[in-house]
$ cat upload06.pdb   # PDB, C-alpha atoms
ATOM      1  CA  MET A1224     267.531 121.169   6.922
ATOM      2  CA  ALA A1225     267.792 117.852   8.770
ATOM      3  CA  ARG A1226     270.795 117.479  11.049
ATOM      4  CA  ARG A1227     273.306 114.773  10.224
ATOM      5  CA  PRO A1228     273.018 111.686  12.472
ATOM      6  CA  GLU A1229     276.643 111.957  13.598
ATOM      7  CA  HIS A1230     275.860 115.412  15.017
ATOM      8  CA  LEU A1231     272.987 114.111  17.153
ATOM      9  CA  ALA A1232     274.751 111.435  19.225
ATOM     10  CA  PRO A1233     277.612 108.914  19.122
ATOM     11  CA  PRO A1234     276.741 105.900  16.914
ATOM     12  CA  GLU A1235     276.410 103.444  19.796
ATOM     13  CA  ILE A1236     273.767 105.759  21.305
ATOM     14  CA  PHE A1237     272.086 106.999  18.122
ATOM     15  CA  TYR A1238     271.503 103.444  16.882
ATOM     16  CA  ASN A1239     269.473 102.232  19.851
ATOM     17  CA  GLU A1240     266.935  99.380  19.654
ATOM     18  CA  ASP A1241     264.201 101.546  18.109
ATOM     19  CA  GLU A1242     266.513 103.119  15.518
ATOM     20  CA  ALA A1243     268.060  99.742  14.672
ATOM     21  CA  GLN A1244     264.656  98.196  13.968
ATOM     22  CA  LYS A1245     263.529 101.251  11.986
ATOM     23  CA  TYR A1246     266.712 101.205   9.900
ATOM     24  CA  THR A1247     266.470  97.501   9.137
ATOM     25  CA  ASN A1248     262.748  97.445   8.288
ATOM     26  CA  ASN A1249     262.672 100.524   6.049
ATOM     27  CA  THR A1250     262.368  99.188   2.496
ATOM     28  CA  ARG A1251     263.789 102.375   0.987
ATOM     29  CA  ILE A1252     266.868 102.220   3.236
ATOM     30  CA  ILE A1253     267.334  98.538   2.403
ATOM     31  CA  GLU A1254     267.122  99.242  -1.331
ATOM     32  CA  ILE A1255     269.697 102.050  -1.128
ATOM     33  CA  GLN A1256     272.007 100.010   1.107
ATOM     34  CA  VAL A1257     271.925  97.064  -1.306
ATOM     35  CA  GLN A1258     272.652  99.300  -4.305
ATOM     36  CA  MET A1259     275.584 100.998  -2.565
ATOM     37  CA  CYS A1260     277.047  97.705  -1.370
ATOM     38  CA  GLU A1261     276.764  96.177  -4.854
ATOM     39  CA  ARG A1262     278.627  99.177  -6.224
ATOM     40  CA  ALA A1263     281.281  98.904  -3.481
ATOM     41  CA  ILE A1264     281.821  95.227  -4.325
ATOM     42  CA  GLU A1265     282.170  96.126  -7.997
ATOM     43  CA  LEU A1266     284.840  98.682  -7.055
ATOM     44  CA  LEU A1267     286.717  95.986  -5.098
ATOM     45  CA  ALA A1268     287.471  94.370  -8.479
ATOM     46  CA  LEU A1269     287.517  90.838  -7.054
ATOM     47  CA  GLY A1270     288.175  87.804  -9.230
ATOM     48  CA  GLU A1271     285.124  86.478 -11.059
ATOM     49  CA  ASP A1272     283.326  83.468  -9.533
ATOM     50  CA  GLU A1273     285.799  83.177  -6.656
ATOM     51  CA  PRO A1274     284.694  83.329  -3.020
ATOM     52  CA  HIS A1275     286.637  85.808  -0.892
ATOM     53  CA  MET A1276     286.846  86.759   2.777
ATOM     54  CA  ILE A1277     285.519  90.319   3.124
ATOM     55  CA  LEU A1278     285.470  92.665   6.116
ATOM     56  CA  ASP A1279     282.278  94.731   6.490
ATOM     57  CA  ILE A1280     283.151  97.829   8.530
ATOM     58  CA  GLY A1281     280.185  99.409  10.290
ATOM     59  CA  CYS A1282     278.160  96.328   9.346
ATOM     60  CA  GLY A1283     275.067  97.340  11.340
ATOM     61  CA  SER A1284     272.258  94.809  11.042
ATOM     62  CA  GLY A1285     273.982  92.879   8.268
ATOM     63  CA  LEU A1286     272.277  94.356   5.196
ATOM     64  CA  SER A1287     275.573  94.615   3.313
ATOM     65  CA  GLY A1288     276.584  91.195   4.598
ATOM     66  CA  SER A1289     273.511  89.709   2.936
ATOM     67  CA  VAL A1290     274.683  91.193  -0.380
ATOM     68  CA  LEU A1291     278.126  89.638   0.149
ATOM     69  CA  GLU A1292     276.473  86.283   0.890
ATOM     70  CA  ASP A1293     274.407  86.515  -2.287
ATOM     71  CA  GLN A1294     277.609  86.916  -4.278
ATOM     72  CA  GLY A1295     279.180  83.870  -2.655
ATOM     73  CA  HIS A1296     281.613  85.592  -0.292
ATOM     74  CA  ALA A1297     282.350  84.903   3.371
ATOM     75  CA  TRP A1298     282.408  87.944   5.639
ATOM     76  CA  ILE A1299     283.055  89.265   9.120
ATOM     77  CA  GLY A1300     281.284  92.405  10.311
ATOM     78  CA  ILE A1301     282.349  94.921  12.943
ATOM     79  CA  ASP A1302     280.153  97.630  14.450
ATOM     80  CA  ILE A1303     280.085  99.773  17.586
ATOM     81  CA  ALA A1304     276.278  99.671  17.996
ATOM     82  CA  LYS A1305     275.212  96.576  19.948
ATOM     83  CA  ALA A1306     271.549  97.137  19.083
ATOM     84  CA  MET A1307     272.371  96.869  15.376
ATOM     85  CA  LEU A1308     274.375  93.681  15.896
ATOM     86  CA  ASP A1309     271.493  92.222  17.912
ATOM     87  CA  VAL A1310     269.233  92.731  14.875
ATOM     88  CA  ALA A1311     271.857  91.038  12.679
ATOM     89  CA  VAL A1312     271.752  88.018  14.998
ATOM     90  CA  GLU A1313     267.941  87.997  14.783
ATOM     91  CA  ARG A1314     268.211  88.036  10.990
ATOM     92  CA  GLU A1315     270.455  84.936  11.137
ATOM     93  CA  VAL A1316     273.185  86.436   8.967
ATOM     94  CA  GLU A1317     275.972  84.087   7.953
ATOM     95  CA  GLY A1318     278.882  86.363   8.837
ATOM     96  CA  ASP A1319     280.653  86.479  12.191
ATOM     97  CA  LEU A1320     279.976  89.671  14.156
ATOM     98  CA  VAL A1321     282.371  91.734  16.276
ATOM     99  CA  LEU A1322     281.438  94.562  18.648
ATOM    100  CA  GLY A1323     284.134  97.192  18.255
ATOM    101  CA  ASP A1324     285.031 100.838  17.672
ATOM    102  CA  MET A1325     286.599 101.646  14.282
ATOM    103  CA  GLY A1326     288.655 104.401  15.887
ATOM    104  CA  GLN A1327     290.412 101.930  18.180
ATOM    105  CA  GLY A1328     291.594  99.883  15.228
ATOM    106  CA  MET A1329     290.768  96.588  13.562
ATOM    107  CA  PRO A1330     291.368  93.593  15.898
ATOM    108  CA  PHE A1331     292.264  91.052  13.217
ATOM    109  CA  LYS A1332     295.391  89.111  12.248
ATOM    110  CA  ALA A1333     297.605  90.306   9.422
ATOM    111  CA  GLY A1334     296.434  89.320   5.940
ATOM    112  CA  THR A1335     293.017  88.034   7.069
ATOM    113  CA  PHE A1336     290.863  89.733   4.417
ATOM    114  CA  ASP A1337     290.836  89.821   0.614
ATOM    115  CA  GLY A1338     288.946  93.110   0.704
ATOM    116  CA  ALA A1339     286.812  95.409   2.831
ATOM    117  CA  VAL A1340     283.607  97.358   2.289
ATOM    118  CA  SER A1341     281.958 100.015   4.401
ATOM    119  CA  ILE A1342     278.632 101.735   3.794
ATOM    120  CA  SER A1343     277.746 105.057   5.455
ATOM    121  CA  ALA A1344     280.120 104.662   8.413
ATOM    122  CA  LEU A1345     283.432 106.419   7.743
ATOM    123  CA  GLN A1346     282.180 109.969   8.357
ATOM    124  CA  TRP A1347     281.452 109.108  12.012
ATOM    125  CA  LEU A1348     285.214 109.009  12.675
ATOM    126  CA  CYS A1349     285.481 112.710  11.865
ATOM    127  CA  ASN A1350     283.574 113.548  15.065
ATOM    128  CA  ALA A1351     285.075 113.894  18.533
ATOM    129  CA  ASP A1352     282.387 112.319  20.716
ATOM    130  CA  LYS A1353     284.647 112.246  23.788
ATOM    131  CA  LYS A1354     287.378 114.530  25.123
ATOM    132  CA  SER A1355     289.905 111.818  24.360
ATOM    133  CA  HIS A1356     288.836 111.590  20.712
ATOM    134  CA  VAL A1357     291.176 113.220  18.194
ATOM    135  CA  PRO A1358     289.730 112.514  14.716
ATOM    136  CA  SER A1359     293.076 112.498  12.883
ATOM    137  CA  LYS A1360     294.590 110.020  15.362
ATOM    138  CA  ARG A1361     291.515 107.779  15.332
ATOM    139  CA  LEU A1362     291.456 107.774  11.532
ATOM    140  CA  TYR A1363     295.149 106.871  11.384
ATOM    141  CA  GLN A1364     294.704 104.100  13.961
ATOM    142  CA  PHE A1365     291.801 102.741  11.916
ATOM    143  CA  PHE A1366     293.509 102.886   8.517
ATOM    144  CA  SER A1367     296.879 101.549   9.714
ATOM    145  CA  THR A1368     295.335  98.494  11.392
ATOM    146  CA  LEU A1369     293.019  97.952   8.410
ATOM    147  CA  PHE A1370     296.024  98.018   6.084
ATOM    148  CA  SER A1371     297.729  95.271   8.088
ATOM    149  CA  CYS A1372     294.724  92.914   8.146
ATOM    150  CA  LEU A1373     294.259  93.080   4.352
ATOM    151  CA  THR A1374     296.156  90.883   1.914
ATOM    152  CA  ARG A1375     298.571  92.587  -0.433
ATOM    153  CA  ASN A1376     296.898  93.761  -3.658
ATOM    154  CA  ALA A1377     293.592  94.029  -1.781
ATOM    155  CA  ARG A1378     291.196  96.958  -1.871
ATOM    156  CA  ALA A1379     288.964  98.644   0.675
ATOM    157  CA  VAL A1380     285.958 100.615  -0.572
ATOM    158  CA  PHE A1381     284.109 103.118   1.597
ATOM    159  CA  GLN A1382     280.823 104.739   0.646
ATOM    160  CA  PHE A1383     280.522 107.765   2.907
ATOM    161  CA  TYR A1384     278.880 111.159   3.293
ATOM    162  CA  PRO A1385     281.545 113.852   3.648
ATOM    163  CA  GLU A1386     280.321 117.046   5.239
ATOM    164  CA  ASN A1387     282.784 119.275   3.378
ATOM    165  CA  ALA A1388     286.089 119.318   1.482
ATOM    166  CA  ASP A1389     288.088 119.535   4.716
ATOM    167  CA  GLN A1390     286.623 116.204   5.858
ATOM    168  CA  ILE A1391     287.588 114.561   2.566
ATOM    169  CA  GLU A1392     291.144 115.900   2.966
ATOM    170  CA  LEU A1393     291.326 114.702   6.588
ATOM    171  CA  ILE A1394     290.180 111.188   5.696
ATOM    172  CA  THR A1395     292.289 110.720   2.566
ATOM    173  CA  SER A1396     295.453 112.151   4.134
ATOM    174  CA  GLN A1397     295.302 109.705   7.047
ATOM    175  CA  ALA A1398     294.606 106.790   4.679
ATOM    176  CA  MET A1399     297.664 107.658   2.554
ATOM    177  CA  LYS A1400     299.773 108.154   5.695
ATOM    178  CA  ALA A1401     298.827 104.592   6.727
ATOM    179  CA  GLY A1402     300.223 103.221   3.453
ATOM    180  CA  PHE A1403     297.202 103.079   1.159
ATOM    181  CA  TYR A1404     297.077 104.235  -2.444
ATOM    182  CA  GLY A1405     293.867 105.271  -4.187
ATOM    183  CA  GLY A1406     291.399 108.114  -4.244
ATOM    184  CA  LEU A1407     287.787 109.189  -4.615
ATOM    185  CA  VAL A1408     285.266 107.892  -7.127
ATOM    186  CA  VAL A1409     282.208 110.162  -7.244
ATOM    187  CA  ASP A1410     279.204 108.588  -8.976
ATOM    188  CA  TYR A1411     276.626 110.875 -10.613
ATOM    189  CA  PRO A1412     278.590 114.017  -9.678
ATOM    190  CA  ASN A1413     276.050 116.360 -11.276
ATOM    191  CA  SER A1414     273.010 114.958  -9.443
ATOM    192  CA  ALA A1415     271.980 116.345  -6.070
ATOM    193  CA  LYS A1416     270.128 113.152  -5.093
ATOM    194  CA  ALA A1417     272.094 110.359  -6.782
ATOM    195  CA  LYS A1418     275.605 111.686  -6.053
ATOM    196  CA  LYS A1419     277.636 109.150  -4.056
ATOM    197  CA  TYR A1420     281.192 109.289  -2.731
ATOM    198  CA  PHE A1421     283.345 106.143  -2.725
ATOM    199  CA  LEU A1422     286.860 106.133  -1.289
ATOM    200  CA  VAL A1423     288.756 103.366  -3.108
ATOM    201  CA  LEU A1424     291.931 102.326  -1.273
ATOM    202  CA  MET A1425     294.572  99.865  -2.483
ATOM    203  CA  THR A1426     297.338  98.089  -0.579
ATOM    204  CA  GLY A1427     299.508  96.960  -3.481
ATOM    205  CA  GLY A1428     300.399 100.129  -5.343
ATOM    206  CA  MET A1429     298.487 102.616  -7.424
ATOM    207  CA  VAL A1430     296.453 101.529 -10.413
ATOM    208  CA  LYS A1431     293.987 103.597 -12.400
ATOM    209  CA  LEU A1432     290.845 104.352 -10.428
ATOM    210  CA  PRO A1433     287.588 102.867 -11.790
ATOM    211  CA  ALA A1434     285.370 105.138 -13.872
ATOM    212  CA  ALA A1435     282.589 106.897 -11.990
ATOM    213  CA  LEU A1436     278.980 106.234 -12.940
ATOM    214  CA  GLY A1437     276.896 109.011 -14.463
ATOM    215  CA  THR A1438     279.811 110.627 -16.281
ATOM    216  CA  GLU A1439     280.768 110.782 -19.940
ATOM    217  CA  ALA A1440     283.275 107.977 -19.380
ATOM    218  CA  ASP A1441     280.399 105.784 -18.210
ATOM    219  CA  SER A1442     278.171 106.281 -21.265
ATOM    220  CA  GLY A1443     276.911 103.042 -22.745
ATOM    221  CA  GLN A1444     277.704 100.918 -19.659
ATOM    222  CA  ILE A1445     275.081  98.537 -18.314
ATOM    223  CA  PRO A1446     274.069  99.393 -14.726
ATOM    224  CA  TYR A1447     275.912  97.102 -12.331
ATOM    225  CA  SER A1448     272.796  95.635 -10.714
ATOM    226  CA  ARG A1449     271.512  94.673 -14.160
ATOM    227  CA  LYS A1450     274.882  93.159 -15.130
ATOM    228  CA  ARG A1451     274.867  91.021 -11.988
ATOM    229  CA  GLU A1452     271.334  89.843 -12.684
ATOM    230  CA  LEU A1453     272.249  88.867 -16.236
ATOM    231  CA  ALA A1454     275.418  87.108 -15.085
ATOM    232  CA  ASN A1455     273.628  85.169 -12.366
ATOM    233  CA  ASN A1456     270.944  84.043 -14.789
ATOM    234  CA  ALA A1457     273.586  82.960 -17.270
ATOM    235  CA  ARG A1458     275.321  80.881 -14.590
ATOM    236  CA  GLY A1459     272.064  79.224 -13.590
ATOM    237  CA  ARG A1460     272.049  80.595 -10.058
ATOM    238  CA  PRO A1461     268.676  80.711  -8.315
ATOM    239  CA  LEU A1462     267.076  84.142  -8.159
ATOM    240  CA  LYS A1463     267.407  85.940  -4.848
ATOM    241  CA  LYS A1464     264.622  85.117  -2.333
ATOM    242  CA  SER A1465     263.377  82.200  -4.463
ATOM    243  CA  ARG A1466     262.687  78.882  -2.735
ATOM    244  CA  GLU A1467     265.917  77.416  -4.152
ATOM    245  CA  TRP A1468     267.910  80.451  -2.961
ATOM    246  CA  VAL A1469     266.473  80.225   0.571
ATOM    247  CA  GLN A1470     267.074  76.467   0.767
ATOM    248  CA  ALA A1471     270.683  76.865  -0.389
ATOM    249  CA  LYS A1472     271.279  79.555   2.230
ATOM    250  CA  LYS A1473     269.764  77.371   4.977
ATOM    251  CA  GLU A1474     271.917  74.434   3.907
ATOM    252  CA  ARG A1475     275.063  76.596   4.183
ATOM    253  CA  ARG A1476     274.012  77.544   7.712
ATOM    254  CA  ARG A1477     273.516  73.880   8.636
ATOM    255  CA  GLN A1478     276.987  73.022   7.321
ATOM    256  CA  GLN A1479     278.396  75.810   9.495
ATOM    257  CA  GLY A1480     276.706  74.250  12.536
ATOM    258  CA  ASN A1481     274.191  77.077  13.039
ATOM    259  CA  ASP A1482     270.669  76.507  14.318
ATOM    260  CA  THR A1483     268.392  76.553  11.285
ATOM    261  CA  ARG A1484     264.672  75.987  10.934
ATOM    262  CA  SER A1485     263.598  72.880   9.038
ATOM    263  CA  ASP A1486     262.279  73.206   5.500
ATOM    264  CA  SER A1487     258.518  73.038   5.047
ATOM    265  CA  LYS A1488     255.898  73.788   2.425
ATOM    266  CA  TYR A1489     255.921  77.377   3.742
ATOM    267  CA  THR A1490     259.636  77.918   3.098
ATOM    268  CA  ALA A1491     260.145  81.084   0.999
ATOM    269  CA  ARG A1492     256.396  81.419   0.436
ATOM    270  CA  LYS A1493     255.454  85.065  -0.100
ATOM    271  CA  ARG A1494     253.362  86.702   2.613
ATOM    272  CA  SER A1495     250.150  88.304   1.520
ATOM    273  CA  GLY A1496     250.783  91.437   3.574
ATOM    274  CA  ARG A1497     247.265  91.382   5.006
ATOM    275  CA  PHE A1498     248.349  90.746   8.577
TER     276      PHE A1498
END

$ encode --input "upload06.pdb" --output "structure tokens"
Amino acid sequence: MARRPEHLAPPEIFYNEDEAQKYTNNTRIIEIQVQMCERAIELLALGEDEPHMILDIGCGSGLSGSVLEDQGHAWIGIDIAKAMLDVAVEREVEGDLVLGDMGQGMPFKAGTFDGAVSISALQWLCNADKKSHVPSKRLYQFFSTLFSCLTRNARAVFQFYPENADQIELITSQAMKAGFYGGLVVDYPNSAKAKKYFLVLMTGGMVKLPAALGTEADSGQIPYSRKRELANNARGRPLKKSREWVQAKKERRRQQGNDTRSDSKYTARKRSGRF
């Protein structure tokens, strides 16, 4: 059985240059990351057709940030692995990037974000990588500072890989201690491969948790990725990776004052893959 990454090395060491490139160029990883981020955004329950400021915690190379961009949101990403952030810079992501340790807290002003997402990062805080690390204290420091930098009535959604029930209890207890309401949403609970854990936290009081996918309560629902595709088509938005989509993204970067390559006849042209 393969060992969990968080047992091999601290994240800033595990995600070195080689691992960062491998992670970002693996089409299967990209596909899974996009699906999980789309689901996390759905669980945020943001207002339709409104841009929001979102915090991406453990943003890595910006794969989730690209999903946020596609849906019209602004974002700031924080990650402890410099090699991953370097790849995000190479990819010319639109979000601002911060090098930081989740366990030391979120270094943002109160009420900065309308929501937060995190994909495959939260479980790292359950490890004590240094003698000074106490997981419960680091989790509380993280959740309490996250709570303060979110607007009231905001949500934070974490997709994570708990090792056991004790880890789930440790994480949720510290989140509730920090002032959050919420709980777990487990998609496809009866599938060994498709099962996914989402911790849905709320700042403004408890409301009913969203229904999990792959359960009886979900029967008859259209898959979220398909719903988004249908909605985008209905609104007349350009399809992702089309020439119009790429040109619109480049224009946003120019308006933000970022260096951007000029348009040409090769813009968004598909590569043959022969090279």

$ residues_around --input "upload06.pdb" --residues "A:Val1340" --least-positions-apart "4" --cutoff "7 Å" --atoms "all atoms listed in the file" --output "list of chain:residue names"
A:Ala1263, A:Leu1278, A:Asp1279, A:Ile1280, A:Ala1379, A:Val1380, A:Phe1381

$ closest_residue --input "upload06.pdb" --among "A:Leu1266, A:Val1312, A:Leu1286, A:Leu1348" --to "A:Asp1482" --atoms "all atoms listed in the file"
A:Val1312

$ atom_distance --input "upload06.pdb" --atom1 "atom CA of A:Ser1284" --atom2 "atom CA of A:Tyr1384"
19.3 Å

$ residues_around --input "upload06.pdb" --residues "A:Arg1262" --least-positions-apart "2" --cutoff "10 Å" --atoms "only C-alpha atoms" --output "ChimeraX atom specification"
/A:1256-1260,1264-1267,1380,1382,1410,1421,1436,1446-1448

$ closest_residue --input "upload06.pdb" --among "A:Asn1376, A:Gly1437, A:Gly1323, A:Asp1389" --to "A:Pro1412" --atoms "only C-alpha atoms"
A:Gly1437

$ closest_residue --input "upload06.pdb" --among "A:Pro1358, A:Gly1406, A:Gly1281, A:Gly1288" --to "A:Asp1302" --atoms "all atoms listed in the file"
A:Gly1281

$ resolve_selection --input "upload06.pdb" --expression "the PyMOL selection byres ((chain A and resi 1361-1363) around 10)" --output "number ranges by chain"
A: 1324-1328, 1345, 1348-1351, 1356-1360, 1364-1369, 1393-1401

$ atom_distance --input "upload06.pdb" --atom1 "atom CA of A:Cys1372" --atom2 "atom CA of A:Gly1405"
17.5 Å
